[in-house]
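Here the structure comes first, spelled out in structure tokens, and everything after it is commentary.
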Amino acid sequence: MNKTVRTDTLSADIDPVWAGDGSHLPEWFVAALNVPREEGFVEINGARTRYFRWGDRAKPKVLMSHGFLAHARCFAFIAPFLAEDYDVVAFDLAGMGDSEMRGRADLEGRGREFAEMAEALDLFEGGQKPTIVAHSFGAGAALTAVTQSPEAFCGVVVCDLMIMRPELLEQYWNLRRSSPGSGDPDKPKNRYPSYQTARTRYILSPPQSVGEPFLLDYMAYHSLRQDGDGWTWKFSPEVFRRSNKPDEWLTVGQRLVSAPGRKAIVHGESSQLFTRDSAEYIRELGGANIPIIAIPEARHHLMLDQPLAFVTALRSVLALWNN
């Protein structure tokens, strides 16, 4: 049973707008957000990029990023569990969360963001090679990053990236679903009269309920900002200004298998986007040596369904790679 949480011990992330008095929040979550962290911005190519950092600068480096239209706080309650053994950085991709848009939103540009952030925060100092942990759309960009800079990174943990056989993926799209990154860059962002109204419009993609509803509230609140007397989304519409060619997703399985360096896959056991057949497909493509770890009772947004099981999986992979 969760104990009542004293409001004077709450992190600034736990705002009463979404959390009330915080009494319903589990102790592990409150404790995680109270683990000391550095947070701020670095300027990359003239644009401010938001980051959070935990742990000991002398320890092995871990670089984390998120899915499409999400933000680095999806790891803010995960990374603290790694802080004792690693120097962990989570960052907002350009044009998402609190990061300003920079450069192009195409696949190559997204891949370069990982090396740019690592360089800006000295994660390569002394010849160190960070391990990338990335979810969904961010994981696709991470595969590009390690392909662009094969000697720069220790490996990549791919978290529930959409991987299907091409024929199954085309069937999925034919159900009027769009591929990740789709949208109209010239459409103005919606504006809402109140936070409560905006909150009702926060929907995961693909849609799902979550195992820990308070985490969905947390993610929604930090996806929005006040705009005068109303509320709007933080992301820039420029994130949609990309070709989003079907080949990017039809070939992602082969791109994963062919990417250089160590790779591991962590996915929700009940995910729509990475299934048992996805695992078989990866093996058929030549990825039999890639560890594939399924998180029980989790779907695509596995950190919102089973956060502590997700932590355990990440700890296991990182420990094996860093011993």
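By convention here, the chains of the structure tokens are called A, B, ... in the order presented, each chain's residues are numbered starting at 1, and ligands are numbered starting at 1 in the order presented.
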So that I can check the surroundings of Tyr86 (chain A), please list as JSON, numbers by chain every protein, DNA and RNA residue that reaches within 7 Å of it, counting only C-alpha atoms and ignoring chain neighbours fewer than 4 positions away.
{"A": [55, 56, 59, 60, 61, 62, 82]}
Save out the residues we just selected, N, CA and C atoms, as a JSON list (two decimals), in the first residue's frame.
[["chain", "number", "residue", "atom", "x", "y", "z"],
["A", 55, "GLY", "N", 23.97, 10.97, -11.87],
["A", 55, "GLY", "CA", 25.06, 10.04, -11.62],
["A", 55, "GLY", "C", 26.43, 10.68, -11.55],
["A", 56, "ASP", "N", 27.42, 9.83, -11.67],
["A", 56, "ASP", "CA", 28.82, 10.18, -11.47],
["A", 56, "ASP", "C", 29.51, 10.36, -12.81],
["A", 59, "LYS", "N", 31.74, 7.60, -14.25],
["A", 59, "LYS", "CA", 31.20, 6.27, -14.56],
["A", 59, "LYS", "C", 30.89, 6.15, -16.07],
["A", 60, "PRO", "N", 30.63, 4.93, -16.55],
["A", 60, "PRO", "CA", 30.27, 4.73, -17.96],
["A", 60, "PRO", "C", 29.07, 5.59, -18.36],
["A", 61, "LYS", "N", 29.06, 6.00, -19.63],
["A", 61, "LYS", "CA", 28.08, 6.97, -20.11],
["A", 61, "LYS", "C", 26.87, 6.27, -20.73],
["A", 62, "VAL", "N", 25.69, 6.81, -20.44],
["A", 62, "VAL", "CA", 24.44, 6.35, -21.04],
["A", 62, "VAL", "C", 23.70, 7.57, -21.57],
["A", 82, "LEU", "N", 19.60, 4.12, -12.46],
["A", 82, "LEU", "CA", 20.89, 3.79, -13.07],
["A", 82, "LEU", "C", 22.01, 4.68, -12.55]]
Write down as a short mmCIF file (atom, residue, chain, number, x, y, z; two decimals) with all heavy atoms, in the first residue's frame the residues of region 220-278 of chain A whose backbone DSSP state falls under helix (DSSP H, G or I).
data_model
loop_
_atom_site.label_atom_id
_atom_site.label_comp_id
_atom_site.auth_asym_id
_atom_site.auth_seq_id
_atom_site.Cartn_x
_atom_site.Cartn_y
_atom_site.Cartn_z
N ALA A 220 1.75 13.93 -19.74
CA ALA A 220 0.86 14.90 -20.39
C ALA A 220 1.16 16.32 -19.93
O ALA A 220 1.29 17.25 -20.75
CB ALA A 220 -0.60 14.54 -20.10
N TYR A 221 1.30 16.50 -18.62
CA TYR A 221 1.54 17.84 -18.08
C TYR A 221 2.82 18.44 -18.67
O TYR A 221 2.85 19.61 -19.06
CB TYR A 221 1.64 17.80 -16.56
CG TYR A 221 2.00 19.13 -15.95
CD1 TYR A 221 1.04 20.14 -15.84
CD2 TYR A 221 3.30 19.39 -15.52
CE1 TYR A 221 1.37 21.38 -15.29
CE2 TYR A 221 3.63 20.62 -14.98
CZ TYR A 221 2.67 21.61 -14.87
OH TYR A 221 3.00 22.83 -14.34
N PRO A 237 5.69 22.44 -34.86
CA PRO A 237 5.16 21.77 -36.06
C PRO A 237 6.25 21.41 -37.07
O PRO A 237 6.03 20.56 -37.93
CB PRO A 237 4.20 22.83 -36.64
CG PRO A 237 3.80 23.67 -35.46
CD PRO A 237 5.02 23.73 -34.60
N GLU A 238 7.43 22.04 -36.96
CA GLU A 238 8.52 21.74 -37.89
C GLU A 238 9.00 20.30 -37.79
O GLU A 238 9.68 19.81 -38.68
CB GLU A 238 9.68 22.71 -37.66
CG GLU A 238 9.40 24.13 -38.13
CD GLU A 238 9.12 24.19 -39.63
OE1 GLU A 238 9.91 23.63 -40.42
OE2 GLU A 238 8.08 24.78 -40.00
N VAL A 239 8.67 19.62 -36.70
CA VAL A 239 9.08 18.22 -36.59
C VAL A 239 8.43 17.36 -37.67
O VAL A 239 8.92 16.27 -37.97
CB VAL A 239 8.77 17.63 -35.20
CG1 VAL A 239 9.49 18.42 -34.11
CG2 VAL A 239 7.27 17.58 -34.92
N PHE A 240 7.35 17.86 -38.25
CA PHE A 240 6.66 17.11 -39.31
C PHE A 240 7.24 17.39 -40.70
O PHE A 240 6.82 16.75 -41.67
CB PHE A 240 5.17 17.46 -39.33
CG PHE A 240 4.43 17.12 -38.06
CD1 PHE A 240 3.85 18.12 -37.30
CD2 PHE A 240 4.32 15.81 -37.64
CE1 PHE A 240 3.16 17.82 -36.14
CE2 PHE A 240 3.65 15.50 -36.47
CZ PHE A 240 3.06 16.51 -35.72
N PRO A 246 8.13 5.68 -46.94
CA PRO A 246 7.79 4.37 -46.38
C PRO A 246 8.99 3.47 -46.17
O PRO A 246 9.02 2.66 -45.23
CB PRO A 246 6.82 3.80 -47.43
CG PRO A 246 6.23 4.99 -48.10
CD PRO A 246 7.33 6.02 -48.12
N ASP A 247 10.01 3.59 -47.06
CA ASP A 247 11.19 2.73 -46.94
C ASP A 247 11.86 2.85 -45.58
O ASP A 247 12.49 1.90 -45.11
CB ASP A 247 12.21 3.07 -48.04
CG ASP A 247 11.79 2.54 -49.39
OD1 ASP A 247 10.77 1.83 -49.45
OD2 ASP A 247 12.47 2.84 -50.39
N GLU A 248 11.76 4.02 -44.96
CA GLU A 248 12.38 4.23 -43.65
C GLU A 248 11.89 3.20 -42.65
O GLU A 248 12.64 2.73 -41.80
CB GLU A 248 12.08 5.64 -43.17
CG GLU A 248 12.63 5.96 -41.79
CD GLU A 248 12.29 7.37 -41.36
OE1 GLU A 248 12.12 8.26 -42.22
OE2 GLU A 248 12.16 7.59 -40.13
N TRP A 249 10.60 2.85 -42.75
CA TRP A 249 10.01 1.91 -41.79
C TRP A 249 9.91 0.50 -42.36
O TRP A 249 10.00 -0.47 -41.61
CB TRP A 249 8.64 2.43 -41.36
CG TRP A 249 8.78 3.76 -40.71
CD1 TRP A 249 8.50 4.99 -41.23
CD2 TRP A 249 9.34 4.01 -39.41
NE1 TRP A 249 8.83 5.98 -40.33
CE2 TRP A 249 9.35 5.41 -39.21
CE3 TRP A 249 9.82 3.19 -38.39
CZ2 TRP A 249 9.81 6.01 -38.04
CZ3 TRP A 249 10.29 3.78 -37.22
CH2 TRP A 249 10.29 5.17 -37.06
N LEU A 250 9.77 0.37 -43.67
CA LEU A 250 9.71 -0.96 -44.26
C LEU A 250 11.04 -1.69 -44.15
O LEU A 250 11.08 -2.92 -44.16
CB LEU A 250 9.29 -0.85 -45.73
CG LEU A 250 7.85 -0.36 -45.98
CD1 LEU A 250 7.63 -0.08 -47.46
CD2 LEU A 250 6.84 -1.38 -45.48
N VAL A 252 13.32 -1.04 -41.57
CA VAL A 252 13.93 -0.79 -40.27
C VAL A 252 14.48 -2.07 -39.63
O VAL A 252 15.50 -2.05 -38.92
CB VAL A 252 12.95 -0.06 -39.33
CG1 VAL A 252 11.81 -0.98 -38.90
CG2 VAL A 252 13.66 0.52 -38.12
N GLY A 253 13.85 -3.20 -39.88
CA GLY A 253 14.37 -4.46 -39.35
C GLY A 253 15.77 -4.75 -39.88
O GLY A 253 16.68 -5.10 -39.11
N GLN A 254 15.94 -4.60 -41.18
CA GLN A 254 17.26 -4.83 -41.77
C GLN A 254 18.25 -3.78 -41.30
O GLN A 254 19.44 -4.08 -41.06
CB GLN A 254 17.18 -4.82 -43.30
CG GLN A 254 18.47 -5.23 -43.97
CD GLN A 254 18.90 -6.63 -43.60
OE1 GLN A 254 18.21 -7.60 -43.88
NE2 GLN A 254 20.05 -6.76 -42.93
N ARG A 255 17.81 -2.54 -41.14
CA ARG A 255 18.71 -1.49 -40.64
C ARG A 255 19.20 -1.83 -39.24
O ARG A 255 20.36 -1.60 -38.90
CB ARG A 255 18.01 -0.13 -40.63
CG ARG A 255 17.79 0.47 -42.00
CD ARG A 255 17.60 1.97 -41.95
NE ARG A 255 16.45 2.38 -41.17
CZ ARG A 255 16.51 3.15 -40.09
NH1 ARG A 255 17.68 3.55 -39.63
NH2 ARG A 255 15.40 3.50 -39.46
N LEU A 256 18.31 -2.37 -38.41
CA LEU A 256 18.71 -2.75 -37.05
C LEU A 256 19.75 -3.86 -37.09
O LEU A 256 20.79 -3.78 -36.42
CB LEU A 256 17.49 -3.17 -36.25
CG LEU A 256 17.72 -3.47 -34.76
CD1 LEU A 256 16.46 -3.18 -33.96
CD2 LEU A 256 18.14 -4.91 -34.52
N VAL A 257 19.48 -4.90 -37.85
CA VAL A 257 20.40 -6.03 -37.91
C VAL A 257 21.75 -5.60 -38.47
O VAL A 257 22.81 -6.06 -38.01
CB VAL A 257 19.79 -7.17 -38.75
CG1 VAL A 257 20.80 -8.27 -39.03
CG2 VAL A 257 18.56 -7.74 -38.03
N SER A 258 21.74 -4.69 -39.45
CA SER A 258 22.98 -4.27 -40.11
C SER A 258 23.74 -3.20 -39.35
O SER A 258 24.93 -2.97 -39.63
CB SER A 258 22.65 -3.74 -41.52
OG SER A 258 22.02 -4.73 -42.30
N ARG A 276 5.89 -11.08 -31.15
CA ARG A 276 6.65 -12.33 -31.29
C ARG A 276 7.11 -12.52 -32.73
O ARG A 276 8.22 -12.98 -32.99
CB ARG A 276 5.80 -13.52 -30.86
CG ARG A 276 5.66 -13.70 -29.36
CD ARG A 276 4.84 -14.94 -29.05
NE ARG A 276 4.75 -15.19 -27.63
CZ ARG A 276 5.61 -15.92 -26.94
NH1 ARG A 276 6.63 -16.48 -27.57
NH2 ARG A 276 5.47 -16.09 -25.63
N ASP A 277 6.24 -12.17 -33.66
CA ASP A 277 6.62 -12.30 -35.07
C ASP A 277 7.74 -11.33 -35.43
O ASP A 277 8.60 -11.65 -36.26
CB ASP A 277 5.41 -12.08 -35.97
CG ASP A 277 5.75 -12.37 -37.43
OD1 ASP A 277 5.98 -13.56 -37.76
OD2 ASP A 277 5.82 -11.41 -38.23
N SER A 278 7.74 -10.14 -34.80
CA SER A 278 8.84 -9.20 -35.04
C SER A 278 10.16 -9.82 -34.62
O SER A 278 11.18 -9.68 -35.32
CB SER A 278 8.60 -7.91 -34.24
OG SER A 278 7.38 -7.29 -34.59
#
Any chance you could tabulate, as a Markdown table, the residues of region 288-319 of chain A at most 7 Å from region 206-218 of chain A with each one's nearest atom pair and distance in Å to one decimal, using only C-alpha atoms, in chain and rising number order?
| residue | atom | partner | partner_atom | distance |
| --- | --- | --- | --- | --- |
| A:Leu304 | CA | A:Glu212 | CA | 5.8 |
| A:Asp305 | CA | A:Gly211 | CA | 4.0 |
| A:Gln306 | CA | A:Gly211 | CA | 6.5 |
Preceding selection exported with N, CA and C atoms as a compact mmCIF listing (two decimals), in the first residue's frame:
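Result saved to part_6.txt:
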# COMPACT_ATOMS: atom_id res chain seq x y z
N LEU A 304 5.56 3.37 -19.08
CA LEU A 304 4.33 3.80 -18.42
C LEU A 304 3.51 2.61 -17.92
N ASP A 305 3.80 1.44 -18.44
CA ASP A 305 3.09 0.22 -18.03
C ASP A 305 3.79 -0.50 -16.89
N GLN A 306 5.09 -0.73 -17.08
CA GLN A 306 5.87 -1.54 -16.13
C GLN A 306 7.23 -0.87 -15.92
Quick one: residues within 9 Å of Asp13 (chain A), only C-alpha atoms counted, chain neighbours fewer than 2 positions away excluded, as a PyMOL selection string?
chain A and resi 10-11+15+33+218+222
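The neighbours of Arg191 (chain A) here are the residues that come within 9 Å of it, using only C-alpha atoms and leaving out any residue fewer than 4 positions away in the same chain; they are Ala198, Asp227, Gly230, Trp231, Thr232 and Trp233 of chain A.
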Expected file: the selected residues, all heavy atoms, as a compact mmCIF listing (two decimals), in the first residue's frame:
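See again_27.txt below for the written result:
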# COMPACT_ATOMS: atom_id res chain seq x y z
N ALA A 198 -6.98 20.62 -22.26
CA ALA A 198 -5.84 20.12 -23.02
C ALA A 198 -5.52 18.67 -22.63
O ALA A 198 -5.20 17.84 -23.50
CB ALA A 198 -4.63 21.01 -22.78
N ASP A 227 0.13 29.27 -22.56
CA ASP A 227 0.26 30.24 -23.65
C ASP A 227 -0.74 31.35 -23.39
O ASP A 227 -1.92 31.23 -23.74
CB ASP A 227 -0.01 29.55 -24.99
CG ASP A 227 0.09 30.51 -26.17
OD1 ASP A 227 0.81 31.52 -26.06
OD2 ASP A 227 -0.55 30.23 -27.21
N GLY A 230 -4.23 30.46 -22.03
CA GLY A 230 -4.58 29.11 -22.49
C GLY A 230 -3.40 28.17 -22.40
O GLY A 230 -2.36 28.47 -21.81
N TRP A 231 -3.56 26.98 -22.98
CA TRP A 231 -2.52 25.96 -22.98
C TRP A 231 -2.32 25.42 -24.40
O TRP A 231 -3.28 25.34 -25.18
CB TRP A 231 -2.90 24.80 -22.06
CG TRP A 231 -2.86 25.14 -20.61
CD1 TRP A 231 -3.77 25.90 -19.91
CD2 TRP A 231 -1.84 24.77 -19.67
NE1 TRP A 231 -3.39 26.01 -18.60
CE2 TRP A 231 -2.22 25.32 -18.42
CE3 TRP A 231 -0.67 24.02 -19.76
CZ2 TRP A 231 -1.44 25.14 -17.27
CZ3 TRP A 231 0.09 23.83 -18.62
CH2 TRP A 231 -0.30 24.40 -17.39
N THR A 232 -1.07 25.07 -24.73
CA THR A 232 -0.79 24.48 -26.03
C THR A 232 0.34 23.47 -25.90
O THR A 232 0.96 23.35 -24.84
CB THR A 232 -0.43 25.56 -27.07
OG1 THR A 232 -0.42 24.99 -28.38
CG2 THR A 232 0.93 26.19 -26.77
N TRP A 233 0.59 22.72 -26.97
CA TRP A 233 1.64 21.70 -26.95
C TRP A 233 3.01 22.33 -27.06
O TRP A 233 3.18 23.36 -27.71
CB TRP A 233 1.42 20.71 -28.11
CG TRP A 233 0.06 20.10 -28.10
CD1 TRP A 233 -0.93 20.33 -28.99
CD2 TRP A 233 -0.46 19.19 -27.13
NE1 TRP A 233 -2.05 19.60 -28.65
CE2 TRP A 233 -1.79 18.90 -27.51
CE3 TRP A 233 0.06 18.58 -25.99
CZ2 TRP A 233 -2.60 18.03 -26.78
CZ3 TRP A 233 -0.74 17.73 -25.27
CH2 TRP A 233 -2.06 17.45 -25.66
